Structure formats: structure tokens, C-alpha cells
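Participant: Data: upload_2.txt, compact mmCIF, C-alpha atoms and all ligand atoms.
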# COMPACT_ATOMS: atom_id res chain seq x y z
CA MET A 1 15.81 -65.00 -48.80
CA ASN A 2 19.10 -66.78 -49.22
CA ALA A 3 20.40 -67.90 -45.82
CA LEU A 4 23.75 -68.90 -47.24
CA HIS A 5 24.32 -65.39 -48.60
CA ILE A 6 23.21 -63.84 -45.33
CA LYS A 7 25.60 -66.10 -43.41
CA GLN A 8 28.47 -64.53 -45.35
CA ASP A 9 27.72 -61.21 -43.64
CA PHE A 10 28.44 -62.73 -40.22
CA PRO A 11 32.19 -63.04 -39.56
CA LEU A 12 31.93 -65.59 -36.77
CA LEU A 13 29.77 -67.87 -38.90
CA ARG A 14 31.74 -67.54 -42.11
CA SER A 15 35.08 -68.13 -40.44
CA SER A 16 34.24 -71.05 -38.17
CA SER A 17 32.57 -74.41 -38.56
CA VAL A 18 30.22 -73.89 -35.64
CA VAL A 19 26.62 -74.86 -36.30
CA TYR A 20 24.98 -72.08 -34.34
CA LEU A 21 21.46 -73.00 -33.29
CA ASP A 22 21.12 -70.76 -30.24
CA SER A 23 19.95 -67.51 -31.80
CA ALA A 24 17.02 -67.23 -29.39
CA ALA A 25 19.60 -66.75 -26.64
CA THR A 26 21.66 -64.29 -28.64
CA ALA A 27 21.96 -63.68 -32.37
CA GLN A 28 25.29 -63.44 -34.19
CA LYS A 29 26.48 -60.02 -35.39
CA PRO A 30 27.03 -58.93 -38.98
CA ASP A 31 30.10 -56.95 -40.09
CA ALA A 32 27.92 -53.85 -40.35
CA VAL A 33 27.31 -53.86 -36.59
CA ILE A 34 30.85 -54.65 -35.55
CA ASP A 35 32.18 -51.94 -37.92
CA ALA A 36 29.70 -49.34 -36.72
CA ILE A 37 30.77 -49.84 -33.10
CA SER A 38 34.45 -49.82 -33.98
CA ASN A 39 34.05 -46.71 -36.17
CA PHE A 40 32.23 -44.89 -33.42
CA TYR A 41 35.05 -45.47 -30.97
CA ARG A 42 37.62 -44.56 -33.62
CA THR A 43 35.99 -41.38 -34.90
CA SER A 44 33.16 -40.06 -32.74
CA ASN A 45 33.56 -41.19 -29.13
CA ALA A 46 32.41 -38.54 -26.67
CA PRO A 47 29.73 -38.15 -23.98
CA VAL A 48 26.17 -37.47 -25.09
CA HIS A 49 23.86 -34.68 -23.91
CA ARG A 50 26.66 -33.07 -21.90
CA GLY A 51 29.58 -31.67 -23.84
CA ILE A 52 29.43 -28.28 -25.58
CA TYR A 53 31.96 -29.10 -28.25
CA ALA A 54 31.70 -30.47 -31.77
CA LEU A 55 32.71 -34.06 -31.01
CA ALA A 56 30.15 -34.35 -28.21
CA GLU A 57 27.48 -32.90 -30.46
CA GLN A 58 28.35 -35.43 -33.11
CA ALA A 59 28.10 -38.30 -30.58
CA THR A 60 24.78 -36.93 -29.34
CA GLN A 61 23.47 -36.75 -32.88
CA LEU A 62 24.46 -40.38 -33.53
CA TYR A 63 22.84 -41.50 -30.28
CA GLU A 64 19.60 -39.66 -31.06
CA ASP A 65 19.67 -40.97 -34.66
CA ALA A 66 19.75 -44.47 -33.15
CA ARG A 67 16.66 -43.65 -31.09
CA LYS A 68 14.88 -42.44 -34.23
CA ALA A 69 15.89 -45.64 -36.06
CA VAL A 70 14.40 -47.79 -33.28
CA ALA A 71 11.24 -45.69 -33.30
CA ASP A 72 10.91 -46.06 -37.08
CA PHE A 73 11.53 -49.80 -36.85
CA ILE A 74 8.49 -50.34 -34.64
CA ASN A 75 6.49 -47.38 -35.96
CA ALA A 76 6.66 -45.34 -32.76
CA GLU A 77 7.82 -41.81 -31.92
CA SER A 78 11.38 -41.10 -30.79
CA GLN A 79 10.24 -39.72 -27.43
CA GLU A 80 8.55 -43.08 -26.74
CA ILE A 81 11.86 -44.97 -26.94
CA VAL A 82 13.96 -45.40 -23.80
CA PHE A 83 17.37 -47.04 -24.12
CA THR A 84 17.96 -49.65 -21.44
CA SER A 85 20.49 -52.43 -21.03
CA GLY A 86 18.12 -55.16 -22.28
CA THR A 87 14.69 -56.71 -21.92
CA THR A 88 15.27 -57.53 -18.25
CA ASP A 89 16.17 -53.93 -17.52
CA SER A 90 13.20 -52.63 -19.54
CA ILE A 91 10.74 -54.80 -17.59
CA ASN A 92 12.26 -53.71 -14.27
CA MET A 93 11.82 -50.15 -15.48
CA VAL A 94 8.09 -50.66 -16.00
CA ALA A 95 7.85 -52.29 -12.58
CA TYR A 96 9.67 -49.56 -10.68
CA ALA A 97 9.06 -46.39 -12.70
CA TRP A 98 5.38 -47.09 -13.31
CA ALA A 99 3.85 -50.02 -11.42
CA ALA A 100 5.46 -49.52 -8.00
CA ASP A 101 3.66 -46.21 -7.43
CA THR A 102 0.56 -47.02 -9.48
CA LEU A 103 -0.53 -50.50 -8.43
CA LYS A 104 -2.10 -50.71 -5.00
CA GLU A 105 -3.10 -53.45 -2.58
CA GLY A 106 -5.47 -55.95 -4.18
CA ASP A 107 -4.73 -54.87 -7.75
CA GLU A 108 -4.23 -57.81 -10.06
CA ILE A 109 -1.64 -58.73 -12.67
CA VAL A 110 -2.28 -61.42 -15.26
CA LEU A 111 0.59 -63.30 -16.90
CA PRO A 112 1.21 -66.74 -18.40
CA GLU A 113 2.90 -69.37 -16.23
CA SER A 114 5.41 -69.95 -19.04
CA GLU A 115 6.96 -66.47 -18.95
CA HIS A 116 10.71 -65.99 -18.86
CA HIS A 117 11.95 -65.26 -15.31
CA ALA A 118 12.60 -61.70 -16.55
CA ASN A 119 8.85 -61.17 -16.81
CA LEU A 120 7.89 -63.21 -13.78
CA LEU A 121 10.18 -62.68 -10.80
CA VAL A 122 10.03 -58.90 -10.95
CA TRP A 123 6.23 -59.04 -10.68
CA GLN A 124 6.40 -61.53 -7.82
CA GLN A 125 8.72 -59.16 -5.95
CA LEU A 126 6.46 -56.20 -6.58
CA ALA A 127 3.37 -58.21 -5.66
CA HIS A 128 5.00 -59.01 -2.34
CA ARG A 129 5.93 -55.37 -1.74
CA ASN A 130 2.65 -53.77 -2.83
CA LYS A 131 0.33 -56.66 -1.82
CA LEU A 132 -0.76 -57.32 -5.38
CA VAL A 133 -2.35 -60.50 -6.70
CA ILE A 134 -0.83 -62.38 -9.65
CA ASN A 135 -3.11 -64.58 -11.72
CA TYR A 136 -1.16 -67.08 -13.76
CA VAL A 137 -2.55 -68.15 -17.12
CA LYS A 138 -2.32 -71.87 -17.79
CA LEU A 139 -0.65 -73.66 -20.61
CA THR A 140 -2.59 -76.68 -21.84
CA ASP A 141 -0.95 -80.11 -21.55
CA ASP A 142 -0.14 -79.90 -25.25
CA PHE A 143 1.82 -76.65 -24.69
CA LYS A 144 -0.77 -74.21 -25.98
CA LEU A 145 -1.53 -70.92 -24.33
CA ASP A 146 -5.01 -71.37 -22.85
CA LEU A 147 -6.80 -68.41 -24.39
CA ASN A 148 -10.06 -68.98 -22.49
CA ASP A 149 -8.22 -69.08 -19.21
CA PHE A 150 -6.35 -65.91 -20.19
CA LEU A 151 -9.52 -64.02 -21.09
CA GLN A 152 -11.34 -65.20 -17.96
CA LYS A 153 -8.53 -64.06 -15.70
CA ILE A 154 -8.63 -60.51 -17.05
CA THR A 155 -11.28 -58.79 -14.92
CA HIS A 156 -12.03 -55.32 -13.63
CA LYS A 157 -9.48 -55.92 -10.88
CA THR A 158 -6.75 -56.43 -13.46
CA LYS A 159 -4.43 -53.45 -13.74
CA LEU A 160 -1.66 -55.04 -15.77
CA VAL A 161 -1.65 -57.76 -18.41
CA THR A 162 1.81 -58.87 -19.39
CA PHE A 163 3.07 -61.59 -21.71
CA ALA A 164 5.76 -62.41 -24.24
CA LEU A 165 4.63 -61.81 -27.82
CA SER A 166 6.55 -64.97 -28.66
CA SER A 167 7.51 -67.58 -26.06
CA HIS A 168 11.21 -68.41 -25.76
CA ILE A 169 10.27 -72.09 -25.30
CA PHE A 170 7.03 -72.68 -27.16
CA GLY A 171 7.34 -70.12 -29.94
CA ASN A 172 4.67 -67.90 -31.38
CA TYR A 173 1.02 -67.59 -30.44
CA PRO A 174 -1.65 -67.10 -33.09
CA GLN A 175 -2.08 -63.40 -33.87
CA GLU A 176 -5.81 -63.81 -33.11
CA TYR A 177 -4.91 -64.75 -29.51
CA ILE A 178 -2.80 -61.65 -29.09
CA ARG A 179 -5.54 -59.43 -30.51
CA ALA A 180 -8.15 -61.02 -28.21
CA ILE A 181 -5.97 -60.58 -25.10
CA ILE A 182 -5.23 -56.95 -25.91
CA ALA A 183 -8.89 -56.23 -26.64
CA LYS A 184 -9.95 -57.75 -23.30
CA ALA A 185 -7.27 -55.80 -21.42
CA HIS A 186 -8.52 -52.58 -23.05
CA GLU A 187 -12.10 -53.46 -22.14
CA VAL A 188 -11.23 -53.54 -18.42
CA GLY A 189 -8.80 -50.60 -18.59
CA ALA A 190 -5.67 -52.65 -17.78
CA LYS A 191 -2.24 -51.64 -19.06
CA ILE A 192 -0.42 -54.01 -21.38
CA LEU A 193 3.27 -54.82 -21.22
CA CYS A 194 4.64 -57.08 -23.94
CA ASP A 195 7.98 -58.81 -23.79
CA ALA A 196 9.18 -58.72 -27.39
CA ALA A 197 12.61 -60.24 -26.73
CA GLN A 198 11.87 -63.19 -29.01
CA ALA A 199 9.38 -61.48 -31.28
CA VAL A 200 11.16 -58.41 -32.55
CA GLY A 201 13.68 -60.24 -34.73
CA HIS A 202 11.05 -62.49 -36.28
CA MET A 203 7.76 -60.65 -36.68
CA LYS A 204 6.73 -57.14 -37.66
CA ILE A 205 5.69 -55.04 -34.70
CA ASP A 206 3.73 -51.86 -35.31
CA MET A 207 3.12 -49.73 -32.24
CA GLN A 208 0.51 -47.59 -33.99
CA LEU A 209 -1.67 -50.65 -34.49
CA SER A 210 -0.78 -52.80 -31.51
CA GLY A 211 -2.63 -51.16 -28.61
CA ILE A 212 0.33 -52.04 -26.34
CA ASP A 213 1.33 -49.64 -23.54
CA PHE A 214 4.85 -50.90 -22.87
CA LEU A 215 7.10 -53.02 -25.07
CA ALA A 216 10.48 -54.43 -24.04
CA PHE A 217 13.23 -55.95 -26.16
CA SER A 218 16.98 -56.55 -26.30
CA GLY A 219 19.33 -55.42 -29.07
CA HIS A 220 21.45 -58.56 -28.98
CA LYS A 221 18.66 -60.82 -30.23
CA ILE A 222 18.22 -58.77 -33.38
CA PHE A 223 21.88 -58.72 -34.50
CA GLY A 224 22.78 -55.78 -32.25
CA PRO A 225 25.34 -55.71 -29.45
CA THR A 226 24.79 -56.80 -25.87
CA GLY A 227 24.24 -54.08 -23.28
CA ILE A 228 21.46 -52.29 -25.16
CA GLY A 229 17.74 -52.75 -24.93
CA VAL A 230 14.60 -50.80 -25.57
CA LEU A 231 11.58 -49.86 -23.55
CA TYR A 232 8.78 -48.39 -25.63
CA VAL A 233 6.36 -46.35 -23.53
CA ASN A 234 3.21 -45.20 -25.29
CA LYS A 235 3.10 -41.43 -24.85
CA LYS A 236 -0.35 -41.54 -23.29
CA ASN A 237 1.38 -43.09 -20.24
CA PHE A 238 4.04 -40.41 -19.89
CA SER A 239 2.31 -38.56 -17.08
CA ALA A 240 2.23 -41.76 -14.99
CA MET A 241 5.95 -42.44 -15.36
CA GLY A 242 8.11 -41.91 -12.28
CA VAL A 243 11.79 -42.67 -12.19
CA TYR A 244 13.86 -45.83 -11.91
CA ARG A 245 17.62 -45.33 -11.71
CA ILE A 246 18.55 -41.96 -10.24
CA GLY A 247 21.59 -39.90 -11.15
CA GLY A 248 23.07 -37.59 -13.74
CA GLY A 249 21.45 -36.78 -17.05
CA MET A 250 17.85 -37.39 -15.96
CA VAL A 251 17.27 -34.36 -13.80
CA GLN A 252 16.35 -30.77 -14.69
CA SER A 253 17.28 -29.25 -11.36
CA ALA A 254 18.66 -30.64 -8.11
CA GLN A 255 19.34 -29.07 -4.71
CA LEU A 256 20.49 -30.17 -1.30
CA GLY A 257 17.70 -30.63 1.18
CA CYS A 258 15.42 -32.95 -0.71
CA THR A 259 14.35 -36.02 1.22
CA GLN A 260 11.69 -37.66 -0.85
CA LEU A 261 12.33 -39.05 -4.29
CA GLY A 262 10.07 -37.55 -6.89
CA CYS A 263 8.29 -35.27 -4.45
CA ALA A 264 8.64 -32.27 -6.77
CA GLN A 265 6.65 -34.21 -9.32
CA LEU A 266 4.12 -35.44 -6.81
CA SER A 267 3.34 -32.11 -5.15
CA GLY A 268 4.35 -29.78 -7.97
CA GLU A 269 5.44 -27.31 -5.25
CA GLN A 270 8.37 -28.56 -3.24
CA LEU A 271 11.00 -26.76 -5.24
CA SER A 272 13.90 -28.02 -3.15
CA CYS A 273 13.33 -31.46 -4.69
CA PRO A 274 14.73 -32.69 -7.98
CA GLU A 275 12.75 -31.96 -11.07
CA TRP A 276 13.03 -34.86 -13.46
CA LYS A 277 13.53 -34.39 -17.18
CA GLU A 278 10.86 -35.20 -19.70
CA MET A 279 10.52 -38.68 -21.19
CA PRO A 280 12.54 -40.52 -22.33
CA TYR A 281 15.50 -38.81 -20.62
CA ARG A 282 14.16 -39.16 -17.09
CA LEU A 283 14.60 -42.91 -17.47
CA GLU A 284 18.16 -42.74 -18.82
CA ALA A 285 20.26 -41.89 -15.76
CA GLY A 286 24.02 -41.93 -16.07
CA THR A 287 26.14 -42.33 -19.19
CA PRO A 288 24.00 -44.36 -21.54
CA PRO A 289 25.19 -47.25 -23.74
CA ILE A 290 26.20 -44.95 -26.60
CA ALA A 291 28.28 -47.28 -28.76
CA GLN A 292 25.70 -50.02 -28.21
CA ALA A 293 22.88 -47.75 -29.39
CA ILE A 294 24.89 -47.01 -32.52
CA GLY A 295 25.48 -50.73 -32.97
CA LEU A 296 21.76 -51.35 -32.62
CA HIS A 297 21.08 -48.69 -35.25
CA ALA A 298 23.43 -50.53 -37.62
CA ALA A 299 21.70 -53.84 -36.80
CA LEU A 300 18.26 -52.43 -37.63
CA SER A 301 19.56 -50.89 -40.87
CA TYR A 302 21.09 -54.23 -41.79
CA PHE A 303 17.83 -55.99 -40.96
CA LYS A 304 15.78 -53.60 -43.08
CA GLU A 305 18.14 -53.91 -46.00
CA LYS A 306 18.49 -57.69 -46.01
CA ILE A 307 15.42 -59.21 -44.41
CA VAL A 308 11.76 -59.27 -45.26
CA TYR A 309 9.71 -60.60 -42.35
CA GLN A 310 7.45 -62.69 -44.55
CA GLU A 311 10.42 -64.35 -46.28
CA LEU A 312 12.10 -64.95 -42.94
CA ALA A 313 8.93 -66.61 -41.64
CA GLU A 314 8.78 -68.87 -44.70
CA HIS A 315 12.43 -69.76 -44.32
CA GLU A 316 12.00 -70.56 -40.62
CA ASP A 317 8.90 -72.61 -41.42
CA THR A 318 10.90 -74.75 -43.83
CA LEU A 319 13.65 -75.27 -41.25
CA THR A 320 11.08 -76.12 -38.56
CA LYS A 321 9.28 -78.67 -40.72
CA HIS A 322 12.54 -80.34 -41.66
CA LEU A 323 13.72 -80.50 -38.05
CA LEU A 324 10.39 -81.84 -36.77
CA GLU A 325 10.42 -84.61 -39.38
CA ARG A 326 13.87 -85.70 -38.29
CA LEU A 327 13.13 -85.48 -34.57
CA LYS A 328 9.99 -87.61 -34.90
CA LYS A 329 12.20 -90.60 -35.76
CA HIS A 330 13.18 -90.88 -32.11
CA ASP A 331 10.33 -92.33 -30.04
CA ASP A 332 11.62 -91.00 -26.74
CA ILE A 333 11.67 -87.39 -27.90
CA VAL A 334 8.76 -85.23 -26.85
CA ILE A 335 8.47 -82.16 -29.05
CA MET A 336 7.21 -79.22 -27.03
CA GLN A 337 5.59 -77.45 -29.92
CA PRO A 338 1.94 -76.46 -29.68
CA ARG A 339 -0.34 -77.11 -32.62
CA TYR A 340 -2.86 -74.31 -32.83
CA GLU A 341 -5.86 -74.40 -35.13
CA GLN A 342 -4.47 -71.27 -36.80
CA PRO A 343 -1.12 -71.48 -38.58
CA VAL A 344 1.80 -69.97 -36.68
CA HIS A 345 5.39 -69.89 -37.81
CA ASN A 346 8.24 -70.50 -35.41
CA HIS A 347 11.90 -69.68 -35.11
CA LEU A 348 12.57 -72.32 -32.47
CA VAL A 349 11.78 -75.90 -31.50
CA SER A 350 12.08 -77.21 -27.95
CA PHE A 351 12.06 -80.85 -26.98
CA TYR A 352 13.07 -83.29 -24.30
CA SER A 353 14.07 -86.91 -24.35
CA LYS A 354 12.76 -89.58 -22.01
CA LYS A 355 16.10 -91.33 -22.34
CA PHE A 356 18.77 -88.62 -22.20
CA HIS A 357 19.11 -85.57 -19.99
CA ALA A 358 18.93 -82.31 -21.97
CA HIS A 359 22.40 -81.34 -20.77
CA ASP A 360 23.81 -84.62 -22.02
CA ILE A 361 22.23 -84.04 -25.42
CA ALA A 362 23.71 -80.55 -25.64
CA ALA A 363 27.13 -81.78 -24.52
CA TRP A 364 26.98 -84.58 -27.09
CA LEU A 365 26.05 -82.15 -29.86
CA SER A 366 28.86 -79.86 -28.82
CA GLN A 367 31.35 -82.58 -29.74
CA TYR A 368 30.06 -82.11 -33.29
CA ASN A 369 30.38 -78.34 -32.93
CA VAL A 370 26.62 -77.95 -32.83
CA ALA A 371 25.46 -75.26 -30.39
CA VAL A 372 21.99 -75.59 -28.86
CA ARG A 373 20.54 -74.42 -25.57
CA ALA A 374 19.73 -76.91 -22.80
CA GLY A 375 18.30 -76.27 -19.36
CA HIS A 376 15.21 -74.67 -17.93
CA HIS A 377 15.68 -71.60 -20.16
CA CYS A 378 14.96 -69.21 -17.26
CA ALA A 379 11.47 -70.67 -16.99
CA GLN A 380 11.61 -73.08 -14.09
CA PRO A 381 7.92 -73.01 -13.09
CA ILE A 382 6.67 -74.28 -16.44
CA HIS A 383 9.30 -77.02 -16.53
CA GLN A 384 8.23 -78.07 -13.03
CA ARG A 385 4.59 -78.08 -14.09
CA LEU A 386 5.40 -80.26 -17.08
CA GLY A 387 7.32 -82.59 -14.77
CA ILE A 388 10.68 -82.16 -16.47
CA VAL A 389 13.91 -80.67 -15.23
CA ALA A 390 15.25 -79.42 -18.51
CA SER A 391 14.69 -79.30 -22.24
CA VAL A 392 16.69 -78.68 -25.39
CA ARG A 393 15.99 -75.67 -27.58
CA VAL A 394 17.06 -75.36 -31.21
CA SER A 395 16.64 -71.83 -32.52
CA PHE A 396 17.21 -70.24 -35.90
CA HIS A 397 17.75 -66.92 -37.58
CA ALA A 398 18.08 -65.64 -41.11
CA TYR A 399 21.57 -67.15 -41.45
CA THR A 400 20.48 -70.68 -40.43
CA THR A 401 20.64 -73.12 -43.33
CA MET A 402 19.13 -76.51 -44.01
CA HIS A 403 22.66 -77.83 -43.80
CA ASP A 404 22.85 -76.61 -40.17
CA ILE A 405 19.72 -78.60 -39.35
CA ASP A 406 21.14 -81.66 -41.11
CA MET A 407 24.35 -81.36 -39.08
CA LEU A 408 22.34 -81.24 -35.87
CA CYS A 409 20.22 -84.22 -36.87
CA HIS A 410 23.23 -86.21 -37.95
CA ALA A 411 24.93 -85.60 -34.58
CA LEU A 412 21.73 -86.55 -32.78
CA ASP A 413 21.38 -89.74 -34.82
CA GLN A 414 24.87 -90.75 -33.71
CA LEU A 415 23.75 -90.49 -30.09
CA TYR A 416 21.05 -93.08 -30.75
CA LYS A 417 23.38 -95.56 -32.50
N1 LIG B 501 12.26 -62.44 -22.22
C1 LIG B 501 12.42 -63.43 -23.11
C2 LIG B 501 11.21 -64.01 -23.77
C3 LIG B 501 13.70 -63.90 -23.41
O1 LIG B 501 13.84 -64.90 -24.28
C4 LIG B 501 14.82 -63.31 -22.77
C5 LIG B 501 16.18 -63.81 -23.03
O2 LIG B 501 16.40 -64.91 -23.43
C6 LIG B 501 14.59 -62.27 -21.87
C7 LIG B 501 13.30 -61.87 -21.62
C8 LIG B 501 15.73 -61.59 -21.19
O3 LIG B 501 16.48 -60.88 -22.12
P1 LIG B 501 17.85 -60.17 -21.69
O4 LIG B 501 18.66 -61.25 -21.01
O5 LIG B 501 18.46 -59.70 -22.95
O6 LIG B 501 17.50 -59.08 -20.74
Can you dump the structure from the file as C-alpha cells?

Facilitator:
Amino acid sequence: MNALHIKQDFPLLRSSSVVYLDSAATAQKPDAVIDAISNFYRTSNAPVHRGIYALAEQATQLYEDARKAVADFINAESQEIVFTSGTTDSINMVAYAWAADTLKEGDEIVLPESEHHANLLVWQQLAHRNKLVINYVKLTDDFKLDLNDFLQKITHKTKLVTFALSSHIFGNYPQEYIRAIIAKAHEVGAKILCDAAQAVGHMKIDMQLSGIDFLAFSGHKIFGPTGIGVLYVNKKNFSAMGVYRIGGGMVQSAQLGCTQLGCAQLSGEQLSCPEWKEMPYRLEAGTPPIAQAIGLHAALSYFKEKIVYQELAEHEDTLTKHLLERLKKHDDIVIMQPRYEQPVHNHLVSFYSKKFHAHDIAAWLSQYNVAVRAGHHCAQPIHQRLGIVASVRVSFHAYTTMHDIDMLCHALDQLYK
């Protein structure tokens, strides 16, 4: 994989001198994505699933083609793909369309203490509302996911196990860990929700093999536009899915006189109540993000054409090793990267300095046109537990070159002069 060639496909990167090392927050967009969105608005813009005219049918076809492309990308079926506005929205959808009516007082949820707020706060809110118990899995002091703790916390009371397939601060977990967690969750009959926001652009995900019930990710982290995300729902869970946002496009029949949301589904008799559409449409109320879905389709096509996961992993490994070598020069820098017994590759490196605040480091780097992320990365509890207020995260993608890492390290070296 030639990162320099790939970079040429990204207009922002080829036309500016920015050293973009914040791809874990949002990835840059190739021409193919920008053109697909622009072409859609120029040639095919119309509502989907509503109009009985050729242009609307064309837009509907493009929107459904995008769903099929997402399904193919993760080896799922089209009906298992719900378009959302992003990972956050997808996780909220699981919480309110499935968990809110399924999980009852005393039921337990297991999740790592290092989760992104998107996969933490929603469960805390629901736990409060439904009187659920959340068991937090520890991170070891050297930033590893504590597998034993995880497995011990999954018991017969556990109804949901949820975790990011790749941490937005600490990077990837060994595949063996993920397999062990999923196997234990299956053993006790718990459902599994995986946050794939960081994973999907960096590792192959195969829903036929994974054993995962729900998978959430955002289009913008895999070269797609903002405003589009995906919730995969394994079809064996369809009958347990209620609704989330209510409105047009997700209902089969509606009448005045209904007082209880979803009561037609619950009783099967109260015909004056709305009858929701089948999955995935019941979860797509309102006008969906049509152009964004088409942009995501273009992003996945681009990805398939240009990127081989294994080569990307090797490339990111090389960048990581180089960066770690350079960071080690500075005694005050604590690298927050776990060292597992099994090899794992990473697309990001987080660190903090005992001398400089993370924000000051990022602001310093910005003077050299180097863009990194600094802060608590929407994961305040784990920063508090580690006794730090903020950290710096350097993250890569296929277009990141060794030169980018050198520019970062050079700018950092100047700070220490
Ligand atoms: N989960 C993880 C692991 C993330 O890294 C992010 C974003 O950085 C999110 C969830 C939230 O994604 P979004 O803001 O696209 O909804």
C-alpha cells in the first residue's frame, strides 16, 4: 500500500500542507465521495420510498444500493442494516428500540470503564430509568483490558455485554480477547453490542462469523460523509425491536385515537394503533440521510478498491513503531499503549506528558500545522481513574505517511528545546 499515492486521492490533503493526524476523530474524504454526493444532488435528488415518479424511484434505488453495499462490506444482509446519523445515534437506537422495553429491574449490563461516552452515558441513563445494574470492566494500570475481570463480570444476570471493538484511546484488543468475551456472553444468553466506530476502517468485520447482535459505526470515520451511520441488527433480534424515533416513513398504518406507542405490536389486536413497518424501515423515521448514504456507498467502494486490510495494518504498524521510538526520547512522556502478549496492530497512539498539558502540546503542534487530538476524548472516567485530565492522541489512516510522523516529531522536539 502506497500512502503517498492514496493521499493524492484526498483533495484536502493534496492541496494543503496540513499534517492530519486526527483520523480517529474523523477521516478525510476522497474525491470519489465528494463527487458522488455532488452528482447525486445534481442528477438524482428526490425523496426516497415516497414518490411515484421516475426521479424518486432512481433516488430510492441509489439509497437501497447503498444499504446493500454496507451489508456486503460487513457480510450481513440488507434488511439487517439501519441507516442512522452516526455511532452515537446507533447506540441510542439499541438502548431505546430494544433495551428500554427488554431490560428489567436488576438486569445487568457489562461494559469497560474506558468506553467512549457514546457507549457509556446512554446506558447510565437507561440503568437509572429501568433500575439496571452496570458492571464496569477494569483496565489494568498498564492500559490493558482486564480479560479476567471482563469474563468474571459476565454472569447469568447479564443481559447485555457492550464494548468497542477497538478503543479510541488505547487501540485494538487481541482478537482472542474479543472471541472469549463473545463466547462468554453467548454462554449466559446475553446480547452483544459492539461499537465499531474505530474498528470498521481498520479491521475486517464479518457479521456471519462474529456472533455479535448489534454493531454500530459512523460513516465519517471510514472516508464517508458526516451525518450517516449504521446500526447492524442481527435478524434473529428483529422480533424484539421496538421503535426509536417516531414519524413518517416507518409506519404501515396510523389512525387517530391511539394512545400507547407500539401497542398494536404489543397486543396484536388494537387496530387503532400504528402498525410499524418491518425492519429496517421501522427504525428510519423521517427523511433519511440520502445523499450521505450515497456518499458512504462511494467511500466503501473506494475502500474496497484501494485498501487491503492486511496491508493497512502493516502500514499502521510501521507508523506506530516509528512514532513510539521518537516519543520514547522524552522522559516525561507516558505512552498509553498496552502491550499484550499477543500482537495487536494499532492505528493510534495516545500519550500524556508530565511536563506539558495536552492542550498546550496540541496548540504548539498546530503552529507547525500538525493536527492531533487533545483532551479527554469523550472518556472522562478513564482519564480520572488514571489521574490525568487530558491526553494527546495521534491517529493515522491509509493516507498517513512516514513524513507526517516526522513532521509531528520534529515539531514536538522543538517544544523540548
Ligand atoms: N465510539 C467511539 C469508539 C468513537 O471513537 C466515537 C467517536 O469518536 C464514537 C463512538 C462516536 O461517534 P459519532 O460521534 O460519529 O457518533

Participant: Please build the interface table for chain A against ligand LIG 501 (chain B) with a cut-off of 6 Å, listing for each qualifying residue the nearest atom pair and the distance in Å to one decimal; count all atoms listed in the file, order rows by chain and increasing number, and write it as JSON lines.

Facilitator:
{"residue": "A:Ala25", "atom": "CA", "partner": "B:LIG501", "partner_atom": "O2", "distance": 4.9}
{"residue": "A:Gly86", "atom": "CA", "partner": "B:LIG501", "partner_atom": "O6", "distance": 4.3}
{"residue": "A:Thr87", "atom": "CA", "partner": "B:LIG501", "partner_atom": "O6", "distance": 3.9}
{"residue": "A:Thr88", "atom": "CA", "partner": "B:LIG501", "partner_atom": "O6", "distance": 3.7}
{"residue": "A:His116", "atom": "CA", "partner": "B:LIG501", "partner_atom": "N1", "distance": 5.1}
{"residue": "A:Ala118", "atom": "CA", "partner": "B:LIG501", "partner_atom": "C7", "distance": 5.1}
{"residue": "A:Ala164", "atom": "CA", "partner": "B:LIG501", "partner_atom": "C2", "distance": 5.7}
{"residue": "A:Ser167", "atom": "CA", "partner": "B:LIG501", "partner_atom": "C2", "distance": 5.6}
{"residue": "A:His168", "atom": "CA", "partner": "B:LIG501", "partner_atom": "O1", "distance": 4.6}
{"residue": "A:Asp195", "atom": "CA", "partner": "B:LIG501", "partner_atom": "N1", "distance": 5.8}
{"residue": "A:Ala197", "atom": "CA", "partner": "B:LIG501", "partner_atom": "C1", "distance": 4.8}
{"residue": "A:Gln198", "atom": "CA", "partner": "B:LIG501", "partner_atom": "C2", "distance": 5.3}
{"residue": "A:Ser218", "atom": "CA", "partner": "B:LIG501", "partner_atom": "O5", "distance": 4.8}

Participant: Rounded to one decimal, what separation in Å do you get between atom CA of Ile81 of chain A and atom CA of Phe303 of chain A?

Facilitator: 18.8 Å

Participant: Would you please work out which residue, of A:Val48, A:Leu296, A:Ala240, A:Ile212, is nearest to Pro225 of chain A when using only C-alpha atoms?

Facilitator: A:Leu296

Participant: What is the distance between atom CA of Lys306 of chain A and atom CA of Asn369 of chain A, in Å to one decimal?

Facilitator: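 Distance reported for this atom pair: 27.2 Å.
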
Participant: Using all atoms listed in the file, can you tell me which of A:Ile109, A:Val122, A:Leu62, A:Met93 comes closest to Val161 of chain A?

Facilitator: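 Distance minimum relative to Val161 of chain A lands on A:Ile109.
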